[in-house]
file start_8.cif (mmCIF, C-alpha atoms)
data_entry
loop_
_atom_site.label_atom_id
_atom_site.label_comp_id
_atom_site.auth_asym_id
_atom_site.auth_seq_id
_atom_site.Cartn_x
_atom_site.Cartn_y
_atom_site.Cartn_z
CA MET A 200 -82.11 -128.46 96.19
CA LYS A 201 -79.16 -126.83 94.35
CA SER A 202 -78.75 -129.91 92.13
CA THR A 203 -82.46 -129.91 91.27
CA LEU A 204 -82.36 -126.22 90.34
CA LEU A 205 -79.32 -126.77 88.05
CA THR A 206 -81.11 -129.65 86.30
CA ILE A 207 -84.19 -127.49 85.68
CA LEU A 208 -82.07 -124.61 84.35
CA LEU A 209 -80.18 -126.98 82.00
CA ALA A 210 -83.42 -128.45 80.68
CA VAL A 211 -84.90 -125.00 79.99
CA SER A 212 -81.68 -123.78 78.35
CA LEU A 213 -81.30 -126.82 76.11
CA SER A 214 -84.89 -126.65 74.94
CA GLY A 215 -84.20 -123.13 73.72
CA VAL A 216 -81.15 -123.92 71.58
CA TYR A 217 -81.75 -127.44 70.28
CA ALA A 218 -83.92 -128.00 67.25
CA GLN A 219 -86.95 -129.91 68.44
CA THR A 220 -86.78 -132.57 65.76
CA ARG A 221 -87.83 -135.98 66.98
CA ASP A 222 -85.25 -138.68 66.47
CA SER A 223 -86.76 -140.73 63.64
CA THR A 224 -83.98 -143.31 63.93
CA LYS A 225 -85.89 -144.91 66.81
CA ILE A 226 -88.49 -146.02 64.27
CA LYS A 227 -86.50 -146.39 61.07
CA THR A 228 -82.73 -146.27 60.96
CA ALA A 229 -82.39 -145.85 57.19
CA PRO A 230 -85.36 -143.92 55.73
CA GLN A 231 -83.64 -143.45 52.36
CA ALA A 232 -83.09 -147.16 51.98
CA ASN A 233 -86.03 -149.08 53.36
CA SER A 234 -84.73 -152.54 54.14
CA ASN A 235 -88.23 -154.05 54.09
CA ASP A 236 -89.68 -152.62 50.89
CA ARG A 237 -89.23 -155.94 49.07
CA ARG A 238 -90.04 -158.34 51.90
CA ASN A 239 -93.31 -159.38 53.49
CA GLY A 240 -92.30 -162.83 54.72
CA TYR A 241 -93.63 -164.70 51.68
CA GLU A 242 -92.51 -165.68 48.21
CA THR A 243 -95.01 -166.17 45.35
CA TYR A 244 -93.98 -168.66 42.67
CA GLN A 245 -95.38 -168.79 39.16
CA SER A 246 -94.20 -172.35 38.58
CA THR A 247 -94.76 -175.16 41.11
CA SER A 248 -93.30 -178.07 39.20
CA GLN A 249 -90.68 -178.60 41.92
CA ILE A 250 -93.21 -178.63 44.78
CA VAL A 251 -94.30 -182.17 45.62
CA GLY A 252 -98.05 -182.68 45.36
CA ALA A 253 -98.76 -179.47 43.49
CA GLY A 254 -100.46 -179.29 40.12
CA PRO A 255 -98.91 -177.54 37.15
CA TYR A 256 -101.08 -174.43 37.58
CA THR A 257 -101.20 -174.21 41.36
CA MET A 258 -100.35 -170.87 43.02
CA VAL A 259 -98.51 -171.44 46.31
CA ASN A 260 -97.35 -168.99 49.00
CA THR A 261 -94.40 -170.20 51.06
CA ILE A 262 -92.60 -168.56 53.97
CA ASP A 263 -89.11 -167.34 53.08
CA HIS A 264 -86.68 -167.90 55.97
CA ARG A 265 -83.54 -166.87 54.11
CA TYR A 266 -83.34 -163.25 55.30
CA GLU A 267 -80.71 -162.93 58.05
CA GLY A 268 -81.52 -159.46 59.37
CA LEU A 269 -79.46 -156.29 59.71
CA ARG A 270 -75.72 -156.14 60.35
CA GLY A 271 -73.86 -153.10 61.56
CA THR A 272 -75.24 -149.84 62.87
CA PRO A 273 -75.74 -146.33 61.47
CA TYR A 274 -74.07 -144.91 64.59
CA PHE A 275 -70.38 -144.14 65.13
CA LEU A 276 -70.68 -145.60 68.64
CA PRO A 277 -73.58 -148.08 69.04
CA VAL A 278 -74.53 -146.92 72.56
CA TRP A 279 -75.24 -143.58 74.20
CA ALA A 280 -72.00 -141.86 75.18
CA LYS A 281 -71.59 -139.03 77.66
CA GLY A 282 -70.25 -136.03 75.84
CA GLN A 283 -69.99 -132.30 75.42
CA VAL A 284 -71.61 -129.97 72.86
CA GLU A 285 -70.38 -126.48 71.98
CA MET A 286 -73.02 -124.50 70.14
CA ALA A 287 -72.32 -122.01 67.37
CA ALA A 288 -73.94 -119.30 69.52
CA GLY A 289 -71.45 -119.94 72.33
CA GLN A 290 -73.31 -122.17 74.80
CA ASN A 291 -71.53 -125.23 76.20
CA TYR A 292 -73.23 -128.34 77.58
CA THR A 293 -71.33 -131.10 79.35
CA ASN A 294 -72.01 -134.63 80.52
CA VAL A 295 -74.99 -135.09 78.18
CA PRO A 296 -75.86 -138.45 76.50
CA LEU A 297 -75.10 -138.27 72.76
CA LYS A 298 -75.09 -140.43 69.65
CA PHE A 299 -73.68 -139.60 66.23
CA ASN A 300 -75.63 -141.04 63.31
CA ALA A 301 -72.83 -141.30 60.75
CA TYR A 302 -75.18 -142.53 58.02
CA GLN A 303 -77.30 -139.37 58.14
CA GLN A 304 -74.64 -137.05 59.65
CA GLN A 305 -76.87 -136.19 62.60
CA LEU A 306 -76.06 -135.49 66.24
CA ILE A 307 -78.69 -136.95 68.57
CA LEU A 308 -79.17 -135.93 72.18
CA LEU A 309 -80.98 -137.91 74.87
CA ARG A 310 -83.10 -135.68 77.12
CA THR A 311 -83.01 -137.60 80.38
CA TRP A 312 -85.01 -134.83 82.05
CA ALA A 313 -87.85 -135.29 79.50
CA GLY A 314 -88.66 -138.98 79.83
CA ASN A 315 -85.57 -140.13 77.89
CA ASP A 316 -86.86 -138.54 74.72
CA SER A 317 -84.21 -138.06 72.01
CA ILE A 318 -83.93 -135.18 69.55
CA ILE A 319 -81.81 -134.45 66.50
CA VAL A 320 -79.73 -131.33 67.09
CA SER A 321 -79.86 -128.96 64.13
CA ALA A 322 -76.42 -129.09 62.50
CA ASP A 323 -76.22 -125.35 61.84
CA GLN A 324 -76.45 -124.77 65.61
CA VAL A 325 -73.46 -127.01 66.41
CA LYS A 326 -69.81 -125.88 66.35
CA ARG A 327 -68.25 -129.05 67.78
CA PHE A 328 -69.00 -131.98 70.04
CA ILE A 329 -67.03 -134.57 72.00
CA LEU A 330 -67.89 -138.23 72.56
CA ASN A 331 -66.33 -140.35 75.32
CA ASN A 332 -66.51 -144.12 74.89
CA THR A 333 -66.51 -146.69 77.67
CA ASP A 334 -62.75 -147.28 77.25
CA GLY A 335 -61.93 -143.66 78.01
CA GLN A 336 -61.23 -142.73 74.39
CA THR A 337 -62.25 -139.18 73.43
CA TYR A 338 -63.44 -138.22 69.95
CA LEU A 339 -63.70 -134.60 68.82
CA PHE A 340 -66.02 -133.73 65.92
CA GLU A 341 -66.34 -130.33 64.25
CA ARG A 342 -68.44 -128.67 61.58
CA LEU A 343 -66.47 -126.66 59.02
CA PRO A 344 -69.01 -124.59 57.06
CA SER A 345 -66.45 -122.00 55.90
CA VAL A 346 -63.78 -124.28 54.39
CA ILE A 347 -62.75 -123.82 50.77
CA THR A 348 -63.75 -126.92 48.80
CA ASN A 349 -65.46 -127.89 45.57
CA ASP A 350 -67.60 -130.44 47.42
CA GLN A 351 -70.28 -128.35 49.12
CA SER A 352 -71.74 -131.38 50.91
CA LEU A 353 -68.65 -131.43 53.15
CA LYS A 354 -69.78 -128.17 54.73
CA ASN A 355 -72.97 -129.71 56.09
CA GLY A 356 -71.61 -132.71 57.99
CA TYR A 357 -69.03 -133.37 60.66
CA PHE A 358 -65.30 -134.18 60.70
CA MET A 359 -63.38 -136.05 63.39
CA VAL A 360 -60.30 -134.03 64.28
CA LEU A 361 -57.28 -136.35 64.39
CA TYR A 362 -54.75 -133.54 64.75
CA ARG A 363 -54.92 -129.76 64.71
CA GLY A 364 -51.89 -127.50 64.48
CA LYS A 365 -51.07 -125.03 61.72
CA THR A 366 -52.33 -127.86 59.51
CA ALA A 367 -55.24 -130.11 60.53
CA LEU A 368 -55.72 -133.79 59.75
CA LEU A 369 -59.40 -134.68 59.59
CA LYS A 370 -61.34 -137.90 59.21
CA ARG A 371 -64.79 -138.06 57.71
CA ILE A 372 -66.84 -140.68 59.57
CA ALA A 373 -69.65 -141.90 57.33
CA LYS A 374 -71.69 -145.05 56.68
CA THR A 375 -73.14 -146.72 53.60
CA PHE A 376 -76.24 -148.91 53.55
CA LYS A 377 -76.50 -152.03 51.38
CA GLN A 378 -79.74 -153.97 51.02
CA ALA A 379 -79.94 -157.73 51.00
CA ASP A 380 -79.71 -159.21 47.51
CA TYR A 381 -80.87 -162.82 47.25
CA LYS A 382 -84.29 -162.87 45.60
CA ASN A 383 -83.80 -162.91 41.86
CA PRO A 384 -81.97 -165.61 39.84
CA TYR A 385 -78.97 -163.34 39.24
CA SER A 386 -78.61 -162.07 42.82
CA ASN A 387 -75.39 -162.16 44.84
CA ASP A 388 -77.00 -164.34 47.54
CA VAL A 389 -76.41 -161.70 50.23
CA ARG A 390 -79.11 -162.44 52.79
CA PHE A 391 -78.71 -159.49 55.13
CA ASP A 392 -78.92 -155.70 55.05
CA ALA A 393 -75.75 -153.98 56.23
CA PHE A 394 -74.34 -150.67 57.37
CA ARG A 395 -70.65 -150.38 56.52
CA ASP A 396 -67.98 -147.87 57.47
CA ALA A 397 -66.98 -145.33 54.84
CA PHE A 398 -64.00 -143.34 56.10
CA SER A 399 -62.13 -140.63 54.20
CA TYR A 400 -59.29 -138.27 55.13
CA TYR A 401 -58.67 -134.55 54.56
CA LEU A 402 -55.97 -131.96 55.14
CA LEU A 403 -57.04 -128.49 56.22
CA LYS A 404 -54.43 -125.85 55.40
CA PRO A 405 -54.01 -122.51 57.25
CA ASP A 406 -55.75 -120.75 54.34
CA GLN A 407 -58.82 -122.99 55.00
CA THR A 408 -58.47 -125.03 51.81
CA LEU A 409 -59.65 -128.60 52.32
CA THR A 410 -57.91 -131.36 50.36
CA LYS A 411 -58.93 -135.00 50.27
CA VAL A 412 -56.05 -137.43 50.82
CA LYS A 413 -55.47 -141.15 51.11
CA LEU A 414 -53.96 -142.83 54.14
CA SER A 415 -50.53 -143.13 52.52
CA ASP A 416 -47.22 -141.29 52.69
CA LYS A 417 -47.30 -140.34 48.99
CA SER A 418 -50.79 -138.84 49.12
CA LEU A 419 -50.13 -136.89 52.29
CA ILE A 420 -46.71 -135.60 51.23
CA ASP A 421 -48.06 -134.51 47.83
CA ALA A 422 -50.96 -132.69 49.52
CA LEU A 423 -48.68 -130.93 52.02
CA GLY A 424 -46.80 -129.57 49.04
CA ASP A 425 -43.26 -128.76 50.20
CA ARG A 426 -40.34 -130.25 52.16
CA LYS A 427 -41.00 -133.53 50.40
CA ASP A 428 -37.49 -134.93 50.75
CA GLU A 429 -37.41 -134.25 54.48
CA LEU A 430 -40.83 -135.83 54.97
CA LYS A 431 -39.85 -138.91 52.97
CA ALA A 432 -36.75 -139.27 55.11
CA PHE A 433 -38.88 -138.97 58.26
CA VAL A 434 -41.26 -141.72 57.03
CA LYS A 435 -38.30 -144.01 56.40
CA GLN A 436 -36.61 -143.17 59.68
CA GLU A 437 -39.75 -143.82 61.75
CA ASN A 438 -40.75 -146.83 59.64
CA LEU A 439 -44.28 -145.51 59.16
CA SER A 440 -46.59 -147.94 57.35
CA PHE A 441 -49.79 -145.82 57.37
CA LYS A 442 -51.90 -148.78 58.40
CA THR A 443 -53.21 -146.66 61.26
CA ASP A 444 -54.33 -143.06 61.71
CA ASN A 445 -51.46 -142.47 64.12
CA ASP A 446 -48.84 -142.75 61.37
CA ALA A 447 -50.58 -140.00 59.40
CA ILE A 448 -50.82 -137.87 62.54
CA GLN A 449 -47.06 -138.21 63.12
CA LEU A 450 -46.30 -137.10 59.58
CA VAL A 451 -48.50 -133.98 59.73
CA LYS A 452 -47.08 -133.07 63.15
CA LYS A 453 -43.58 -133.35 61.71
CA TYR A 454 -44.54 -131.08 58.82
CA ASP A 455 -45.90 -128.45 61.22
CA SER A 456 -42.71 -128.58 63.28
CA MET A 457 -40.49 -127.74 60.31
#

call {"tool": "encode", "arguments": {"input": "start_8.cif", "output": "structure tokens"}}
result
Amino acid sequence: MKSTLLTILLAVSLSGVYAQTRDSTKIKTAPQANSNDRRNGYETYQSTSQIVGAGPYTMVNTIDHRYEGLRGTPYFLPVWAKGQVEMAAGQNYTNVPLKFNAYQQQLILLRTWAGNDSIIVSADQVKRFILNNTDGQTYLFERLPSVITNDQSLKNGYFMVLYRGKTALLKRIAKTFKQADYKNPYSNDVRFDAFRDAFSYYLLKPDQTLTKVKLSDKSLIDALGDRKDELKAFVKQENLSFKTDNDAIQLVKKYDSM
């Protein structure tokens, strides 16, 4: 009885703070780039000279089997992940099924108490959220609407927090969408639509200035601004290659410890 009452209270509370926007990704994953706007399953040819048995002026419709479908996903994790959401107004919700649409920068919540209906949570209501994958890895995402940056679009999406001390190392998780390109004579013969990862990195200073950096020792050391010789010596000593996020995390941690 106690468990049932808690479930009802959670459902009522969530319905009051979440924007009731239906999750359109169930129907169309990429509304800005319709992957089917140039395909209806047929090709119409003006010339039929290469079709056996056809006259010179015959119009023929043939089925085009070249399209190979969609590759990739707009989501950071392709399946629902149990997670936690901290709202800007102070509410906290735990153990709720979440997805992050990195292509549209949208947090989606599955309402198991409402027939498994999913809704898009209004970004201006979210402070941070956590996703837990099936391997036990935890990912923390935050919105940073008050950072100092020339790129105002960065204030509307989410950043993955790789490290937070006096300085923060952030990773922007985004996706690009590329349509198939195989129809015209000068096409690239790419027969599938695709979502691709588009990651970028940022340093957040104590004064809230946000600086874009590359995953390299030079870019990070230049952005940090001081103690360059000591940081270069640390990179050499630890043999950091910056092929992984962890190398960048180690460097920023070292800077904060100085």

call {"tool": "resolve_selection", "arguments": {"input": "start_8.cif", "expression": "the PyMOL selection byres ((chain A and resi 404-412) around 7)", "output": "mmCIF file with C-alpha atoms, keeping the file's coordinate frame"}}
result
data_model
loop_
_atom_site.group_PDB
_atom_site.id
_atom_site.type_symbol
_atom_site.label_atom_id
_atom_site.label_comp_id
_atom_site.auth_asym_id
_atom_site.auth_seq_id
_atom_site.Cartn_x
_atom_site.Cartn_y
_atom_site.Cartn_z
ATOM 1 C CA VAL A 346 -63.780 -124.280 54.390
ATOM 2 C CA ILE A 347 -62.750 -123.820 50.770
ATOM 3 C CA THR A 348 -63.750 -126.920 48.800
ATOM 4 C CA LYS A 365 -51.070 -125.030 61.720
ATOM 5 C CA THR A 366 -52.330 -127.860 59.510
ATOM 6 C CA ALA A 367 -55.240 -130.110 60.530
ATOM 7 C CA TYR A 400 -59.290 -138.270 55.130
ATOM 8 C CA TYR A 401 -58.670 -134.550 54.560
ATOM 9 C CA LEU A 402 -55.970 -131.960 55.140
ATOM 10 C CA LEU A 403 -57.040 -128.490 56.220
ATOM 11 C CA LYS A 413 -55.470 -141.150 51.110
ATOM 12 C CA LEU A 414 -53.960 -142.830 54.140
ATOM 13 C CA SER A 418 -50.790 -138.840 49.120
ATOM 14 C CA LEU A 419 -50.130 -136.890 52.290
#

call {"tool": "residues_around", "arguments": {"input": "start_8.cif", "residues": "stretch 444-446 of chain A", "least_positions_apart": "5", "cutoff": "12 Å", "atoms": "only C-alpha atoms", "output": "list in words"}}
result
Met359, Val360, Leu361, Tyr362, Leu368, Leu369, Lys370, Phe398, Ser399, Tyr400, Tyr401, Lys413, Leu414, Ser415, Asp416, Leu419, Phe433, Val434, Lys435, Glu437, Asn438, Leu439, Val451, Lys452 and Lys453 of chain A

call {"tool": "resolve_selection", "arguments": {"input": "start_8.cif", "expression": "the PyMOL selection byres ((chain A and resi 273-286) around 8)", "output": "ChimeraX atom specification"}}
result
/A:228-229,271-272,287-303,324-333,372,374,394

call {"tool": "residues_near_point", "arguments": {"input": "start_8.cif", "point": "(-77.0, -156.1, 53.3)", "cutoff": "6 Å", "atoms": "only C-alpha atoms", "output": "ChimeraX atom specification"}}
result
/A:377-379,391-393

call {"tool": "atom_distance", "arguments": {"input": "start_8.cif", "atom1": "atom CA of A:Leu423", "atom2": "atom CA of A:Tyr454"}}
result
8.0 Å

call {"tool": "atom_distance", "arguments": {"input": "start_8.cif", "atom1": "atom CA of A:Asn355", "atom2": "atom CA of A:Gln305"}}
result
10.0 Å

call {"tool": "atom_distance", "arguments": {"input": "start_8.cif", "atom1": "atom CA of A:Arg390", "atom2": "atom CA of A:Leu269"}}
result
9.3 Å

call {"tool": "decode", "arguments": {"input": "start_8.cif", "residues": "stretch 390-427 of chain A", "atoms": "N, CA and C atoms", "output": "PDB file, in the first residue's frame"}}
result
ATOM      1  N   ARG A 390      24.477   5.248 -49.761  1.00  0.00           N
ATOM      2  CA  ARG A 390      23.128   4.702 -49.901  1.00  0.00           C
ATOM      3  C   ARG A 390      22.379   4.605 -48.578  1.00  0.00           C
ATOM      4  N   PHE A 391      22.810   5.309 -47.575  1.00  0.00           N
ATOM      5  CA  PHE A 391      22.140   5.257 -46.286  1.00  0.00           C
ATOM      6  C   PHE A 391      22.145   6.636 -45.649  1.00  0.00           C
ATOM      7  N   ASP A 392      21.105   6.913 -44.855  1.00  0.00           N
ATOM      8  CA  ASP A 392      21.096   8.082 -43.986  1.00  0.00           C
ATOM      9  C   ASP A 392      21.891   7.732 -42.728  1.00  0.00           C
ATOM     10  N   ALA A 393      22.463   8.758 -42.074  1.00  0.00           N
ATOM     11  CA  ALA A 393      23.303   8.438 -40.922  1.00  0.00           C
ATOM     12  C   ALA A 393      23.312   9.557 -39.884  1.00  0.00           C
ATOM     13  N   PHE A 394      23.225   9.153 -38.622  1.00  0.00           N
ATOM     14  CA  PHE A 394      23.523  10.035 -37.505  1.00  0.00           C
ATOM     15  C   PHE A 394      24.973   9.780 -37.098  1.00  0.00           C
ATOM     16  N   ARG A 395      25.727  10.859 -36.917  1.00  0.00           N
ATOM     17  CA  ARG A 395      27.131  10.724 -36.535  1.00  0.00           C
ATOM     18  C   ARG A 395      27.420  11.570 -35.298  1.00  0.00           C
ATOM     19  N   ASP A 396      28.358  11.089 -34.486  1.00  0.00           N
ATOM     20  CA  ASP A 396      28.752  11.828 -33.295  1.00  0.00           C
ATOM     21  C   ASP A 396      29.440  13.133 -33.673  1.00  0.00           C
ATOM     22  N   ALA A 397      29.195  14.158 -32.877  1.00  0.00           N
ATOM     23  CA  ALA A 397      29.857  15.453 -33.065  1.00  0.00           C
ATOM     24  C   ALA A 397      30.221  15.995 -31.685  1.00  0.00           C
ATOM     25  N   PHE A 398      31.382  15.579 -31.184  1.00  0.00           N
ATOM     26  CA  PHE A 398      31.801  15.961 -29.841  1.00  0.00           C
ATOM     27  C   PHE A 398      32.667  17.219 -29.887  1.00  0.00           C
ATOM     28  N   SER A 399      32.571  18.024 -28.855  1.00  0.00           N
ATOM     29  CA  SER A 399      33.455  19.182 -28.692  1.00  0.00           C
ATOM     30  C   SER A 399      33.722  19.379 -27.201  1.00  0.00           C
ATOM     31  N   TYR A 400      34.827  20.075 -26.889  1.00  0.00           N
ATOM     32  CA  TYR A 400      35.289  20.187 -25.504  1.00  0.00           C
ATOM     33  C   TYR A 400      35.389  21.658 -25.092  1.00  0.00           C
ATOM     34  N   TYR A 401      35.154  21.903 -23.783  1.00  0.00           N
ATOM     35  CA  TYR A 401      35.165  23.270 -23.266  1.00  0.00           C
ATOM     36  C   TYR A 401      35.775  23.298 -21.869  1.00  0.00           C
ATOM     37  N   LEU A 402      36.443  24.402 -21.567  1.00  0.00           N
ATOM     38  CA  LEU A 402      36.908  24.683 -20.220  1.00  0.00           C
ATOM     39  C   LEU A 402      36.020  25.763 -19.613  1.00  0.00           C
ATOM     40  N   LEU A 403      35.577  25.521 -18.385  1.00  0.00           N
ATOM     41  CA  LEU A 403      34.796  26.515 -17.658  1.00  0.00           C
ATOM     42  C   LEU A 403      35.644  27.031 -16.506  1.00  0.00           C
ATOM     43  N   LYS A 404      36.004  28.316 -16.563  1.00  0.00           N
ATOM     44  CA  LYS A 404      36.852  28.928 -15.547  1.00  0.00           C
ATOM     45  C   LYS A 404      36.021  29.359 -14.328  1.00  0.00           C
ATOM     46  N   PRO A 405      36.675  29.644 -13.200  1.00  0.00           N
ATOM     47  CA  PRO A 405      35.941  30.093 -12.008  1.00  0.00           C
ATOM     48  C   PRO A 405      35.108  31.349 -12.240  1.00  0.00           C
ATOM     49  N   ASP A 406      35.524  32.200 -13.186  1.00  0.00           N
ATOM     50  CA  ASP A 406      34.751  33.414 -13.471  1.00  0.00           C
ATOM     51  C   ASP A 406      33.600  33.158 -14.435  1.00  0.00           C
ATOM     52  N   GLN A 407      33.335  31.867 -14.741  1.00  0.00           N
ATOM     53  CA  GLN A 407      32.224  31.416 -15.593  1.00  0.00           C
ATOM     54  C   GLN A 407      32.428  31.691 -17.082  1.00  0.00           C
ATOM     55  N   THR A 408      33.657  31.991 -17.488  1.00  0.00           N
ATOM     56  CA  THR A 408      33.936  32.095 -18.919  1.00  0.00           C
ATOM     57  C   THR A 408      34.097  30.687 -19.492  1.00  0.00           C
ATOM     58  N   LEU A 409      33.510  30.482 -20.648  1.00  0.00           N
ATOM     59  CA  LEU A 409      33.516  29.178 -21.310  1.00  0.00           C
ATOM     60  C   LEU A 409      34.380  29.272 -22.555  1.00  0.00           C
ATOM     61  N   THR A 410      35.394  28.409 -22.643  1.00  0.00           N
ATOM     62  CA  THR A 410      36.341  28.442 -23.758  1.00  0.00           C
ATOM     63  C   THR A 410      36.363  27.103 -24.459  1.00  0.00           C
ATOM     64  N   LYS A 411      36.202  27.126 -25.766  1.00  0.00           N
ATOM     65  CA  LYS A 411      36.261  25.878 -26.539  1.00  0.00           C
ATOM     66  C   LYS A 411      37.712  25.455 -26.718  1.00  0.00           C
ATOM     67  N   VAL A 412      37.973  24.171 -26.535  1.00  0.00           N
ATOM     68  CA  VAL A 412      39.336  23.639 -26.668  1.00  0.00           C
ATOM     69  C   VAL A 412      39.317  22.376 -27.511  1.00  0.00           C
ATOM     70  N   LYS A 413      40.498  21.986 -27.977  1.00  0.00           N
ATOM     71  CA  LYS A 413      40.656  20.712 -28.656  1.00  0.00           C
ATOM     72  C   LYS A 413      41.210  19.690 -27.664  1.00  0.00           C
ATOM     73  N   LEU A 414      41.065  18.432 -27.998  1.00  0.00           N
ATOM     74  CA  LEU A 414      41.579  17.370 -27.137  1.00  0.00           C
ATOM     75  C   LEU A 414      43.069  17.197 -27.425  1.00  0.00           C
ATOM     76  N   SER A 415      43.852  18.188 -26.974  1.00  0.00           N
ATOM     77  CA  SER A 415      45.300  18.160 -27.162  1.00  0.00           C
ATOM     78  C   SER A 415      45.957  18.930 -26.029  1.00  0.00           C
ATOM     79  N   ASP A 416      47.220  18.611 -25.732  1.00  0.00           N
ATOM     80  CA  ASP A 416      47.907  19.295 -24.643  1.00  0.00           C
ATOM     81  C   ASP A 416      48.097  20.779 -24.946  1.00  0.00           C
ATOM     82  N   LYS A 417      48.430  21.108 -26.196  1.00  0.00           N
ATOM     83  CA  LYS A 417      48.671  22.511 -26.548  1.00  0.00           C
ATOM     84  C   LYS A 417      47.413  23.357 -26.356  1.00  0.00           C
ATOM     85  N   SER A 418      46.284  22.865 -26.875  1.00  0.00           N
ATOM     86  CA  SER A 418      45.047  23.624 -26.784  1.00  0.00           C
ATOM     87  C   SER A 418      44.614  23.815 -25.337  1.00  0.00           C
ATOM     88  N   LEU A 419      44.707  22.774 -24.550  1.00  0.00           N
ATOM     89  CA  LEU A 419      44.292  22.862 -23.155  1.00  0.00           C
ATOM     90  C   LEU A 419      45.225  23.767 -22.348  1.00  0.00           C
ATOM     91  N   ILE A 420      46.519  23.616 -22.529  1.00  0.00           N
ATOM     92  CA  ILE A 420      47.481  24.432 -21.781  1.00  0.00           C
ATOM     93  C   ILE A 420      47.339  25.906 -22.152  1.00  0.00           C
ATOM     94  N   ASP A 421      47.157  26.196 -23.432  1.00  0.00           N
ATOM     95  CA  ASP A 421      46.950  27.585 -23.861  1.00  0.00           C
ATOM     96  C   ASP A 421      45.688  28.173 -23.236  1.00  0.00           C
ATOM     97  N   ALA A 422      44.610  27.356 -23.173  1.00  0.00           N
ATOM     98  CA  ALA A 422      43.347  27.843 -22.622  1.00  0.00           C
ATOM     99  C   ALA A 422      43.432  28.039 -21.110  1.00  0.00           C
ATOM    100  N   LEU A 423      44.201  27.204 -20.429  1.00  0.00           N
ATOM    101  CA  LEU A 423      44.347  27.353 -18.976  1.00  0.00           C
ATOM    102  C   LEU A 423      45.112  28.624 -18.632  1.00  0.00           C
ATOM    103  N   GLY A 424      46.069  28.991 -19.483  1.00  0.00           N
ATOM    104  CA  GLY A 424      46.629  30.334 -19.411  1.00  0.00           C
ATOM    105  C   GLY A 424      47.935  30.512 -18.670  1.00  0.00           C
ATOM    106  N   ASP A 425      48.156  29.827 -17.570  1.00  0.00           N
ATOM    107  CA  ASP A 425      49.400  30.023 -16.814  1.00  0.00           C
ATOM    108  C   ASP A 425      49.987  28.669 -16.406  1.00  0.00           C
ATOM    109  N   ARG A 426      51.162  28.715 -15.802  1.00  0.00           N
ATOM    110  CA  ARG A 426      51.896  27.511 -15.375  1.00  0.00           C
ATOM    111  C   ARG A 426      52.134  26.561 -16.562  1.00  0.00           C
ATOM    112  N   LYS A 427      52.407  27.137 -17.699  1.00  0.00           N
ATOM    113  CA  LYS A 427      52.545  26.336 -18.912  1.00  0.00           C
ATOM    114  C   LYS A 427      53.726  25.372 -18.844  1.00  0.00           C
TER     115      LYS A 427
END
